[in-house]
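Notes for the one structure printed next.
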Amino acid sequence: MKYIFITRFYDGAVCAKVLHRIARSMIYNVQTLRALAASLVVLTHLDAMLIASGIGREHLAFGTSGVDLFFVISGFVIVYATDGRALSPLRFFRDRLLRIVPLYWTLTLAVFVIALVAPDLLKSTTASLFDLFRSLLFVPYVKESGEIQPVLFLGWTLNYEMFFYAIFSAAMILKNSIYRVTLLTSVIAVLIIAGVFVAPLSTVSFFLTRPIMIEFVIGAWIGIAYVKGRRLSTPLAIACLLGGFSVLIGRFWLWPGGERAWWGGLSAMAILSGALSLPQYRGKMLQLLGGASYSLYLLHPFVIIAATKICIKLGLFDNTLSLIASAVFAFVSACAASILSFMYFEKPVTLYIKKVARH
């Protein structure tokens, strides 16, 4: 009925554009990849259970590649979502902030409170107001452990995401998507080259000139190809998907110590390109988990800790089978918690803040 109403009362060409945007707004295979990327990261943090069951830590390392897949998808989604839209740079950056900040700040403040009242529960996070300030503003810094991580340790990836958004928002002054991505590519290329040949003067300059930034560029160019209608043949798409996952998972054994930006980025490029060219998978659970992937990424360490304590109390750490069952329980619990967070926190809070921002 809604589409009939549009057809009757509006110009046909305008109606066609509206329906085209509605039809293309959801790419189910991308949502599926988001769910898989978040699940890979969760897998690496089930190490307490899986290593105790006899699985070597090196066999779980491939889960970190979920981050590489996330970064390539981010580059793609930003180009896809902004192509043909008259967004100001400020409006674009504001929308990205409203998407990222509410959940991240909430969990960051939760970790800070834990560090304040029960510091023994945390490893390297201390209740420092300066660290909290830098974390909330996405400024990289070195923890006491020597790692570049914010208060909520998984937030290191969001520092990269926000820097990518800042560069792309500046590129939004250009109306053509190809020009935007060309400018994005040039800026990131200069930064990476500077990081290779010029000694960084600070933690921030070191962090933001790492080659991993190239993964956003890879995703952005895939976005350009996609909006221009470029697709792979089905056999080639399948080969890219299978080959990409093989490299993504196997590179830790085949090329240990290799630069993740190249192996992770190129394998994620193959995976995303293949998935975009295949029929859309509409499985409801994976679609829902894909929508909740941001919550799953940030929430799962909290859920895993709670699930581990429950399993220990139930005596499920006694043998290999019970340890694996505990890991499955923790994973399912993390997925359930993320879906609840997505439905009852992420979506309503984001919509409310956007509503307030509009007024």
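We label chains A, B, ... in the order they appear in the structure tokens, count residues from 1 in each chain, and number ligands from 1 in the order shown.
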
**Prompt:** Do you know which residues are at most 12 Å from Ala336 of chain A counting only C-alpha atoms, after dropping those on the same chain fewer than 5 positions away, and could you put them as a list in words?
**Reply:** Met285, Leu288, Leu289, Ala292, Ser293, Ser295, Leu296, Leu299, His300, Val303, Ile304, Phe329, Ala330, Phe331, Ser341, Phe342 and Met343 of chain A

**Item:** Test item: residues at most 9 Å from segment 188-194 of chain A, only C-alpha atoms, excluding those fewer than 4 positions along its chain, as a list in words
**Value:** Phe164, Ile167, Leu183, Leu184, Val198, Ala199, Pro200, Ser205, Leu208, Thr209, Arg210, Pro211, Ile212, Met213, Ile214 and Val217 of chain A

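With only C-alpha atoms as the atoms that count, the residue of A:Leu98, A:Leu90, A:Leu236, A:Leu109 with the shortest distance to Lys354 of chain A is A:Leu98.
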
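Shortest atom-to-atom contact with Glu147 of chain A among A:Phe207, A:Phe163, A:Phe252, A:Tyr28: A:Phe207, counting only C-alpha atoms.
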
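Nearest residue to Leu103 of chain A among A:Leu298, A:Ala337, A:Leu33, A:Val356 is A:Leu298, counting only C-alpha atoms.
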
**Message:** From a backbone DSSP assignment, name each residue in segment 73-320 of chain A labelled alpha helix (DSSP H), as an MDAnalysis selection string.
**Reply:** chainID A and resid 73:82 89:117 129:136 156:171 177:197 203:207 214:227 234:254 260:276 284:291 293:313 320

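Residues within 12 Å of Ile148 of chain A, counting only C-alpha atoms and excluding same-chain residues fewer than 4 positions away, are Ser124, Thr125, Asp131, Arg134, Ser135, Phe138, Val139, Pro140, Tyr141, Val142, Lys143, Glu144, Leu152, Phe153, Leu154, Gly155, Trp156, Thr157, Asn159, Tyr160, Ser202, Thr203, Val204, Phe206, Phe207 and Leu208 of chain A.
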
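The interatomic distance for the pair atom CA of Ser273 of chain A and atom CA of Ala237 of chain A works out to 7.0 Å.
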
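The interatomic distance for the pair atom CA of Ala48 of chain A and atom CA of Leu60 of chain A works out to 11.1 Å.
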
**Message:** Residues near segment 306-321 of chain A, anyone? I mean within 9 Å using only C-alpha atoms, not counting same-chain ones fewer than 3 positions away, as a PyMOL selection string.
**Reply:** chain A and resi 48-50+52-54+301-303+324-327+329-331+333-334

**Tyr179 of chain A environment, 12 Å, only C-alpha atoms, sequence neighbours closer than 2 positions dropped, as a ChimeraX atom specification** = /A:79,83,168,170-177,181-186,220-221,224

Save the residues we just selected, all heavy atoms, as a compact mmCIF listing (two decimals), in the first residue's frame?
```
# COMPACT_ATOMS: atom_id res chain seq x y z
N VAL A 79 30.86 3.74 1.19
CA VAL A 79 30.70 4.18 -0.20
C VAL A 79 29.31 3.83 -0.71
O VAL A 79 28.62 4.66 -1.33
CB VAL A 79 31.78 3.53 -1.10
CG1 VAL A 79 31.49 3.79 -2.58
CG2 VAL A 79 33.15 4.06 -0.73
N ASP A 83 26.67 6.85 -1.81
CA ASP A 83 26.66 7.08 -3.26
C ASP A 83 25.33 7.71 -3.70
O ASP A 83 24.25 7.20 -3.41
CB ASP A 83 26.86 5.75 -4.00
CG ASP A 83 26.86 5.94 -5.51
OD1 ASP A 83 27.76 6.63 -6.02
OD2 ASP A 83 25.94 5.41 -6.17
N PHE A 168 36.99 10.37 5.32
CA PHE A 168 35.93 10.27 4.31
C PHE A 168 34.97 11.45 4.41
O PHE A 168 34.45 11.92 3.39
CB PHE A 168 35.17 8.95 4.46
CG PHE A 168 34.33 8.62 3.26
CD1 PHE A 168 34.89 7.97 2.17
CD2 PHE A 168 32.99 8.98 3.19
CE1 PHE A 168 34.13 7.68 1.04
CE2 PHE A 168 32.22 8.69 2.08
CZ PHE A 168 32.80 8.03 1.01
N ALA A 170 35.74 14.46 5.16
CA ALA A 170 36.38 15.56 4.43
C ALA A 170 36.23 15.37 2.92
O ALA A 170 36.02 16.34 2.18
CB ALA A 170 37.86 15.64 4.81
N ALA A 171 36.30 14.10 2.48
CA ALA A 171 36.15 13.81 1.05
C ALA A 171 34.72 14.04 0.57
O ALA A 171 34.49 14.13 -0.65
CB ALA A 171 36.57 12.37 0.77
N MET A 172 33.77 14.15 1.49
CA MET A 172 32.37 14.36 1.11
C MET A 172 32.13 15.72 0.47
O MET A 172 31.05 15.97 -0.06
CB MET A 172 31.47 14.20 2.33
CG MET A 172 31.37 12.78 2.88
SD MET A 172 30.40 11.67 1.84
CE MET A 172 28.76 12.30 2.11
N ILE A 173 33.11 16.62 0.53
CA ILE A 173 32.97 17.89 -0.18
C ILE A 173 32.91 17.66 -1.69
O ILE A 173 32.42 18.50 -2.43
CB ILE A 173 34.12 18.87 0.16
CG1 ILE A 173 35.47 18.27 -0.24
CG2 ILE A 173 34.11 19.22 1.64
CD1 ILE A 173 36.64 19.23 -0.07
N LEU A 174 33.42 16.50 -2.13
CA LEU A 174 33.34 16.12 -3.54
C LEU A 174 32.05 15.36 -3.77
O LEU A 174 31.68 14.48 -2.99
CB LEU A 174 34.55 15.25 -3.91
CG LEU A 174 35.92 15.87 -3.65
CD1 LEU A 174 37.03 14.86 -3.92
CD2 LEU A 174 36.11 17.12 -4.51
N LYS A 175 31.34 15.66 -4.83
CA LYS A 175 30.02 15.08 -5.06
C LYS A 175 30.07 13.70 -5.70
O LYS A 175 29.16 12.91 -5.56
CB LYS A 175 29.18 16.02 -5.94
CG LYS A 175 29.01 17.42 -5.36
CD LYS A 175 28.42 17.37 -3.96
CE LYS A 175 28.26 18.77 -3.38
NZ LYS A 175 27.79 18.73 -1.97
N ASN A 176 31.15 13.42 -6.40
CA ASN A 176 31.27 12.15 -7.11
C ASN A 176 31.96 11.12 -6.23
O ASN A 176 33.02 11.39 -5.65
CB ASN A 176 32.07 12.38 -8.41
CG ASN A 176 32.13 11.13 -9.27
OD1 ASN A 176 32.80 10.17 -8.92
ND2 ASN A 176 31.41 11.16 -10.38
N SER A 177 31.38 9.92 -6.15
CA SER A 177 31.93 8.88 -5.28
C SER A 177 33.34 8.47 -5.69
O SER A 177 34.17 8.17 -4.84
CB SER A 177 31.00 7.64 -5.28
OG SER A 177 29.79 7.92 -4.62
N VAL A 181 36.62 8.55 -3.22
CA VAL A 181 37.45 7.40 -2.90
C VAL A 181 38.88 7.63 -3.37
O VAL A 181 39.84 7.17 -2.74
CB VAL A 181 36.86 6.11 -3.51
CG1 VAL A 181 37.77 4.91 -3.27
CG2 VAL A 181 35.48 5.84 -2.90
N THR A 182 39.04 8.34 -4.46
CA THR A 182 40.40 8.68 -4.94
C THR A 182 41.11 9.55 -3.91
O THR A 182 42.29 9.34 -3.60
CB THR A 182 40.33 9.41 -6.29
OG1 THR A 182 39.69 8.56 -7.26
CG2 THR A 182 41.73 9.75 -6.78
N LEU A 183 40.39 10.54 -3.37
CA LEU A 183 40.98 11.39 -2.34
C LEU A 183 41.29 10.58 -1.09
O LEU A 183 42.37 10.72 -0.49
CB LEU A 183 40.02 12.54 -2.00
CG LEU A 183 40.48 13.52 -0.91
CD1 LEU A 183 41.83 14.15 -1.28
CD2 LEU A 183 39.42 14.60 -0.68
N LEU A 184 40.36 9.72 -0.68
CA LEU A 184 40.58 8.84 0.48
C LEU A 184 41.83 8.00 0.27
O LEU A 184 42.68 7.89 1.17
CB LEU A 184 39.37 7.94 0.67
CG LEU A 184 39.51 6.80 1.69
CD1 LEU A 184 39.40 7.36 3.11
CD2 LEU A 184 38.44 5.73 1.47
N THR A 185 41.96 7.41 -0.91
CA THR A 185 43.11 6.56 -1.23
C THR A 185 44.41 7.34 -1.16
O THR A 185 45.41 6.87 -0.60
CB THR A 185 42.94 5.96 -2.64
OG1 THR A 185 41.70 5.25 -2.72
CG2 THR A 185 44.08 5.00 -2.96
N SER A 186 44.39 8.55 -1.69
CA SER A 186 45.60 9.37 -1.71
C SER A 186 46.05 9.72 -0.29
O SER A 186 47.23 9.62 0.04
CB SER A 186 45.35 10.66 -2.51
OG SER A 186 44.95 10.35 -3.83
N ALA A 220 36.42 0.37 -0.02
CA ALA A 220 35.81 1.52 -0.70
C ALA A 220 35.79 1.31 -2.22
O ALA A 220 34.80 1.61 -2.88
CB ALA A 220 36.58 2.79 -0.35
N TRP A 221 36.88 0.77 -2.77
CA TRP A 221 36.91 0.54 -4.22
C TRP A 221 35.98 -0.60 -4.62
O TRP A 221 35.40 -0.59 -5.71
CB TRP A 221 38.34 0.28 -4.69
CG TRP A 221 39.14 1.54 -4.81
CD1 TRP A 221 40.18 1.94 -4.02
CD2 TRP A 221 38.93 2.59 -5.76
NE1 TRP A 221 40.64 3.18 -4.41
CE2 TRP A 221 39.89 3.60 -5.48
CE3 TRP A 221 38.03 2.78 -6.80
CZ2 TRP A 221 39.96 4.77 -6.22
CZ3 TRP A 221 38.10 3.96 -7.54
CH2 TRP A 221 39.07 4.93 -7.25
N ILE A 224 32.75 1.12 -5.02
CA ILE A 224 32.65 1.82 -6.31
C ILE A 224 32.27 0.84 -7.41
O ILE A 224 31.36 1.09 -8.22
CB ILE A 224 33.98 2.52 -6.66
CG1 ILE A 224 34.25 3.69 -5.71
CG2 ILE A 224 33.98 2.98 -8.11
CD1 ILE A 224 33.26 4.83 -5.83
```

**Request:** Show which residues sit within 8 Å of Leu241 of chain A, as a VMD selection string. Count only C-alpha atoms, and ignore same-chain residues fewer than 4 positions away.
**Result:** chain A and resid 237 245 270 to 275

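Candidate residues A:Leu36, A:Val30, A:Leu121, A:Val77 were compared for distance to Gly219 of chain A, and the nearest is A:Val77, using only C-alpha atoms.
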
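Take the candidates A:Ala127, A:Met26, A:Ile51, A:Leu132 and check each one against Ala81 of chain A using only C-alpha atoms; the shortest distance goes to A:Met26.
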
**Fill in**
Atom pair atom CA of Ala37 of chain A + atom CA of Phe112 of chain A, distance 26.9 Å
